Structure formats: C-alpha cells, structure tokens
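**Student:** What follows is the file final17.cif, containing mmCIF, C-alpha atoms:
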data_my_file
loop_
_atom_site.label_atom_id
_atom_site.label_comp_id
_atom_site.auth_asym_id
_atom_site.auth_seq_id
_atom_site.Cartn_x
_atom_site.Cartn_y
_atom_site.Cartn_z
CA PRO A 25 29.02 145.53 80.74
CA ASP A 26 30.35 143.10 83.31
CA ALA A 27 31.25 144.05 86.87
CA GLY A 28 34.90 144.73 86.02
CA MET A 29 33.99 147.13 83.21
CA GLU A 30 31.41 148.89 85.35
CA TYR A 31 34.03 149.45 88.03
CA LEU A 32 36.35 151.09 85.48
CA LEU A 33 33.59 153.26 84.04
CA ARG A 34 32.69 154.52 87.50
CA SER A 35 36.28 155.18 88.56
CA ALA A 36 37.54 158.75 88.85
CA GLU A 37 40.40 158.02 86.45
CA PHE A 38 38.37 156.71 83.50
CA GLY A 39 34.75 157.57 84.18
CA ALA A 40 34.81 161.17 82.92
CA ASN A 41 36.80 160.33 79.77
CA THR A 42 35.23 157.07 78.63
CA VAL A 43 32.05 156.32 76.69
CA TYR A 44 30.91 152.69 76.63
CA LEU A 45 28.98 151.50 73.58
CA GLU A 46 27.88 147.95 72.92
CA GLY A 47 27.67 146.77 69.34
CA SER A 48 29.48 144.97 66.55
CA ALA A 49 32.34 146.16 64.37
CA MET A 50 30.73 144.18 61.55
CA ASN A 51 27.54 146.26 61.73
CA GLU A 52 27.49 149.45 59.65
CA THR A 53 24.89 151.05 61.91
CA ASP A 54 27.02 150.48 65.01
CA LEU A 55 30.09 151.93 63.28
CA LEU A 56 28.12 155.05 62.41
CA ARG A 57 26.73 155.26 65.93
CA CYS A 58 30.21 155.30 67.47
CA CYS A 59 31.54 157.78 64.84
CA ALA A 60 34.28 155.36 63.77
CA ALA A 61 35.17 157.57 60.77
CA GLU A 62 36.25 160.33 63.17
CA CYS A 63 38.59 158.14 65.22
CA GLU A 64 42.35 158.64 65.26
CA TYR A 65 43.27 155.09 66.32
CA VAL A 66 41.46 151.78 66.71
CA PHE A 67 42.51 149.02 69.11
CA ILE A 68 41.03 145.53 68.66
CA LEU A 69 41.73 143.10 71.50
CA ALA A 70 41.40 139.34 71.26
CA ASN A 71 39.90 137.05 73.88
CA LYS A 72 42.99 135.30 75.20
CA PHE A 73 40.82 132.84 77.16
CA CYS A 74 38.98 131.56 74.06
CA THR A 75 38.78 127.84 73.32
CA ASP A 76 39.33 128.23 69.56
CA PRO A 77 42.27 130.59 68.80
CA GLN A 78 41.91 130.04 65.05
CA ALA A 79 38.31 131.26 65.00
CA GLU A 80 39.09 134.12 67.39
CA ASP A 81 41.93 135.40 65.18
CA ALA A 82 39.76 135.14 62.06
CA ALA A 83 37.02 137.18 63.76
CA THR A 84 39.55 139.79 64.92
CA ALA A 85 40.95 140.17 61.40
CA LEU A 86 37.43 140.57 59.96
CA ARG A 87 36.64 143.29 62.52
CA ALA A 88 39.81 145.18 61.55
CA VAL A 89 39.01 144.97 57.82
CA SER A 90 35.41 146.04 58.44
CA ILE A 91 36.49 149.13 60.40
CA LYS A 92 39.18 150.19 57.90
CA LYS A 93 36.74 149.75 55.00
CA HIS A 94 34.04 151.78 56.77
CA VAL A 95 36.45 154.62 57.60
CA ALA A 96 37.88 154.70 54.07
CA GLN A 97 34.40 154.93 52.55
CA ASN A 98 33.10 157.57 54.97
CA ALA A 99 36.18 159.74 55.48
CA ASP A 100 37.50 160.37 51.94
CA GLY A 101 39.83 157.39 51.82
CA LYS A 102 41.28 157.95 55.29
CA ASN A 103 43.76 155.21 56.26
CA ILE A 104 43.07 154.82 59.96
CA PRO A 105 45.77 153.12 62.08
CA VAL A 106 44.54 149.83 63.50
CA MET A 107 46.32 147.96 66.29
CA LEU A 108 44.97 144.44 66.49
CA GLN A 109 45.85 141.67 68.87
CA LEU A 110 46.07 138.11 67.58
CA ILE A 111 46.75 134.96 69.54
CA ARG A 112 48.80 132.99 67.01
CA PRO A 113 51.44 134.55 64.72
CA GLU A 114 50.64 132.19 61.84
CA ASN A 115 47.24 133.91 61.53
CA LYS A 116 48.68 137.31 60.56
CA HIS A 117 48.00 136.59 56.88
CA GLN A 118 44.27 136.66 57.56
CA PHE A 119 44.59 140.44 57.89
CA THR A 120 47.71 141.29 55.86
CA SER A 121 46.48 139.42 52.75
CA SER A 122 43.41 141.67 52.50
CA VAL A 123 43.37 144.94 50.55
CA TYR A 124 43.17 147.00 53.73
CA GLY A 125 45.72 144.86 55.57
CA ARG A 126 48.43 145.63 53.01
CA LYS A 127 48.31 149.34 53.81
CA GLU A 128 50.69 150.94 56.25
CA ARG A 129 49.87 152.36 59.69
CA SER A 130 48.52 149.08 61.04
CA GLN A 131 50.19 146.98 63.70
CA ILE A 132 49.67 143.36 64.69
CA ILE A 133 50.59 142.10 68.14
CA CYS A 134 50.67 138.34 68.72
CA MET A 135 50.76 137.18 72.31
CA ASP A 136 52.30 133.78 71.56
CA GLU A 137 54.97 135.44 69.43
CA ILE A 138 55.93 137.84 72.23
CA LYS A 139 56.13 134.98 74.72
CA LEU A 140 58.38 132.93 72.42
CA HIS A 141 60.64 135.91 71.69
CA LEU A 142 61.04 136.60 75.39
CA LEU A 143 61.79 132.93 76.01
CA ALA A 144 64.41 132.87 73.24
CA LYS A 145 66.05 136.09 74.47
CA SER A 146 66.11 134.71 78.01
CA ALA A 147 68.02 131.66 76.78
CA LEU A 148 70.70 133.94 75.28
CA CYS A 149 70.55 136.52 78.08
CA PRO A 150 69.35 135.06 81.40
CA GLY A 151 67.03 137.44 83.21
CA PHE A 152 65.91 139.32 80.09
CA SER A 153 62.24 138.35 80.44
CA THR A 154 62.26 139.41 84.10
CA MET A 155 63.74 142.79 83.20
CA VAL A 156 61.13 143.45 80.48
CA SER A 157 58.29 142.34 82.75
CA ASN A 158 59.48 144.67 85.51
CA LEU A 159 59.76 147.63 83.11
CA ILE A 160 56.20 147.40 81.85
CA LYS A 161 54.58 147.31 85.29
CA SER A 162 54.68 149.52 88.36
CA CYS A 163 56.11 148.35 91.67
CA ASP A 164 56.67 150.22 94.93
CA ALA A 165 58.57 147.48 96.77
CA GLU A 166 61.24 148.57 99.21
CA ALA A 167 64.21 146.80 100.74
CA ASP A 168 65.68 147.79 104.10
CA ASP A 169 69.38 148.29 104.78
CA HIS A 170 69.65 144.85 106.36
CA SER A 171 68.55 143.08 103.16
CA PRO A 172 71.17 141.27 101.06
CA MET A 173 72.92 143.48 98.49
CA TRP A 174 71.48 141.50 95.56
CA LEU A 175 67.95 142.07 96.88
CA GLN A 176 68.53 145.81 97.29
CA GLU A 177 69.82 146.06 93.71
CA TYR A 178 66.89 144.01 92.40
CA VAL A 179 64.31 146.15 94.21
CA GLN A 180 65.98 149.28 92.84
CA GLY A 181 65.72 147.85 89.33
CA VAL A 182 62.09 146.83 89.82
CA GLY A 183 61.28 150.45 90.61
CA GLN A 184 62.42 151.62 87.16
CA GLU A 185 59.61 152.41 84.70
CA ILE A 186 59.22 153.55 81.07
CA TYR A 187 57.46 156.80 80.23
CA ARG A 188 56.69 158.63 76.99
CA THR A 189 57.14 162.35 77.58
CA LYS A 190 57.52 165.54 75.58
CA LEU A 191 60.94 166.92 74.71
CA SER A 192 61.72 170.52 75.53
CA PRO A 193 62.30 172.81 72.49
CA THR A 194 65.76 173.54 73.95
CA PHE A 195 66.94 170.14 72.66
CA ARG A 196 66.39 171.10 69.01
CA GLY A 197 69.64 171.02 67.09
CA LYS A 198 71.34 168.76 69.65
CA THR A 199 72.31 165.17 68.96
CA PHE A 200 70.53 162.34 70.72
CA SER A 201 73.68 161.61 72.74
CA GLU A 202 73.94 165.19 73.97
CA ALA A 203 70.28 165.22 75.03
CA ALA A 204 70.61 161.83 76.76
CA ILE A 205 73.69 162.95 78.72
CA PHE A 206 72.00 166.18 79.83
CA ILE A 207 68.81 164.38 80.95
CA TYR A 208 70.80 161.79 82.90
CA LYS A 209 72.94 164.38 84.68
CA GLU A 210 70.05 166.68 85.53
CA PHE A 211 67.20 164.23 86.21
CA ARG A 212 68.91 160.84 86.69
CA SER A 213 66.72 159.43 83.92
CA THR A 214 67.81 157.38 80.91
CA MET A 215 66.69 158.50 77.46
CA PHE A 216 66.94 155.48 75.17
CA ALA A 217 64.62 156.23 72.22
CA ILE A 218 63.01 159.04 70.24
CA GLU A 219 59.82 159.16 68.18
CA VAL A 220 60.16 160.65 64.68
CA ASP A 221 57.81 161.38 61.79
CA VAL A 222 58.47 159.39 58.61
CA ILE A 223 56.69 160.19 55.34
CA GLY A 224 55.22 157.23 53.42
CA SER A 225 57.41 155.24 51.05
CA GLY A 226 58.34 156.64 47.66
CA ASP A 227 56.25 154.09 45.76
CA GLU A 228 53.15 154.99 47.77
CA ALA A 229 53.67 158.72 47.24
CA LEU A 230 54.33 158.21 43.51
CA GLY A 231 51.17 156.13 43.10
CA ARG A 232 49.13 158.77 44.89
CA SER A 233 50.54 161.49 42.61
CA ARG A 234 49.71 159.59 39.47
CA SER A 235 46.16 158.88 40.61
CA LYS A 236 45.34 162.41 41.76
CA GLY A 237 47.63 164.52 39.55
CA ALA A 238 48.80 167.96 40.59
CA ASP A 239 46.18 168.23 43.34
CA ALA A 240 47.60 165.24 45.19
CA HIS A 241 47.97 165.69 48.93
CA PRO A 242 51.30 164.85 50.57
CA ALA A 243 51.45 161.54 52.37
CA ALA A 244 50.58 161.74 56.04
CA PRO A 245 53.64 161.11 58.24
CA SER A 246 53.76 157.96 60.35
CA LYS A 247 55.44 157.59 63.73
CA HIS A 248 58.61 155.54 64.05
CA VAL A 249 60.65 154.89 67.20
CA LEU A 250 64.45 155.01 66.91
CA LEU A 251 66.36 153.16 69.63
CA ASN A 252 69.48 154.97 70.81
CA PRO A 253 70.28 156.84 67.54
CA ALA A 254 73.47 158.37 68.97
CA TRP A 255 74.22 160.89 66.21
CA TYR A 256 70.63 161.71 65.26
CA VAL A 257 70.03 165.47 65.35
CA ILE A 258 66.75 166.34 67.08
CA GLY A 259 64.54 168.47 64.82
CA GLY A 260 61.55 170.72 65.36
CA GLY A 261 59.04 167.93 64.68
CA ASP A 262 60.58 165.50 67.18
CA VAL A 263 58.58 166.09 70.36
CA TYR A 264 58.66 162.69 72.12
#
Mind converting the file's structure to structure tokens?

**Tutor:**
Amino acid sequence: PDAGMEYLLRSAEFGANTVYLEGSAMNETDLLRCCAAECEYVFILANKFCTDPQAEDAATALRAVSIKKHVAQNADGKNIPVMLQLIRPENKHQFTSSVYGRKERSQIICMDEIKLHLLAKSALCPGFSTMVSNLIKSCDAEADDHSPMWLQEYVQGVGQEIYRTKLSPTFRGKTFSEAAIFIYKEFRSTMFAIEVDVIGSGDEALGRSRSKGADAHPAAPSKHVLLNPAWYVIGGGDVY
C-alpha cells in the first residue's frame, strides 16, 4: 500500500479493525482469499483522478458484476448489496443492464451527477450546496462575541452534523412527529429521517415462490430511509 494507506492501517482508529489485502475483484482466487461470499456489504470506489472516465466506469461495473456473481455462486444465491461509485451518470447502464445489476440492494453513486444536482439546487435555493457540504464534514470553528451576527450564525450552522443512531424502545408506538418533538426538547437535536425495513416487491416474492414452491424463503428486507414521515408510527423493527 502507499504511504497514505499505511498511515491509516497503523492508526489507533482503524489499525485493529482493518485487514488489507491486495488482489483483483476479477480473480476468483482473490475473491476466495478475502472470503467475499461472507461479506455483508461491498463498496467499490472509482479513481476520480483517472484520465479515461469511460474505461474507469467500465472496469468498476465489471468488478461489481464479478463480485455479485461470485457471491451468488458460493453462498446459495445470496444477493449481496453492492455500492459502486461511477464518475459519469451515463455509464450506469454498464452495470444495470447486466443480470446482476437488475437485482435490488445495489446502489450507484455518480460524482458528476451529485455535483450537477447540487449546482441546480443552488440555483433555485442559494446556499444549498454550502449547507450540504457543511453537514457532511466536521468543523470546530468558533466565533467570538465581537464577530458580526451573520458570522456567528454561520459558525453555529457549520457546527451542525448528521449522525445515525439507535432509537430507544420507548419510542415504539409513537408517531415520528411525537418522537422528533421529544428529542428536540430534551436533547436539542433534530430528528429528520427514520430507517425502515421494506420487504422485496410483490413480483420478486411471487417469482421466488413459484421457483421454490412451498419451501420458499421469505424475501430478505431491505433498508429504506423515510424523510420526515410525520404520521409514521414507529414499530419494533425501526431502530435507527
């Protein structure tokens, strides 16, 4: 690994919980060596500094298909979630048009697409891109009492961050609005989303039943995030 990776591997935060393996996602031996079939999630990152984005996206899509195929063949048809990063949005079809790309539980993130969406939102709502950028990074800046009011308000906003945390069982049976009001009053924090389990689509479940008969296993639930569902009643399975 390069110097930056070695620094991370030796750090107290990541060193004890990280195993570094060098290989290729296109090599069956390397996939077996890293126990890919036992993974829960796979993240495939693109080289954003590449000189040929088209070739880089094609290689990323091939890696994703190779991993999903390997896991399906070695883990009884397991549909492993793959999060892959592409550079250009027009190259999504290189993964989604494949047999494994049409399955659910995979997510594609395109850097150029995110940049353009932020730019478009900023045109409609000035300052939107700055707000999003500040929320996804940490900042400990401080403004003294002699600073202009606008600067004090900006620094206070920069200090806001987003966290995914567990919900207490005491919120079960309450609506999202009730939980959000309680959390704001008690902890001065804003609850704006909840993560719920959603069973696969009816067509997918029906196809699985027909292929496996009475011994068919129920579809594994997938995670969905609901933004500010005011009247949603929090259930026992909603923990984040």

**Student:** For atom CA of A:Tyr65 and atom CA of A:Arg87, determine how far apart the two atoms are, in Å to one decimal place.

**Tutor:** 14.1 Å

**Student:** Could you list the residues chosen by the PyMOL selection byres ((chain A and resi 156-159) around 8) in this structure as a PyMOL selection string?

**Tutor:** chain A and resi 152-155+160-163+181-186

**Student:** Pick out the closest residue to A:Ile132 from this set: A:Thr214, A:Asn115, A:Ser90, A:Gln180. Count only C-alpha atoms.

**Tutor:**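 Checking each of A:Thr214, A:Asn115, A:Ser90, A:Gln180 against A:Ile132, counting only C-alpha atoms, the winner is A:Asn115.
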
**Student:** Closest to A:Ser192 among A:Gly125, A:Gly260, A:Pro253, A:Pro150, using all atoms listed in the file?

**Tutor:** A:Gly260

**Student:** Exactly which residues make up the result of the PyMOL selection byres ((chain A and resi 258) around 9) on this file, given as a list in words?

**Tutor:** Phe195, Arg196, Gly197, Lys198, Thr199, Phe200, Ala203, Ile218, Tyr256, Val257, Gly259, Gly260, Gly261, Asp262 and Val263 of chain A

**Student:** Mind pulling up the distance from atom CA of A:Val220 to atom CA of A:His117?

**Tutor:**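 Atom CA of A:His117 sits 28.1 Å away from atom CA of A:Val220.
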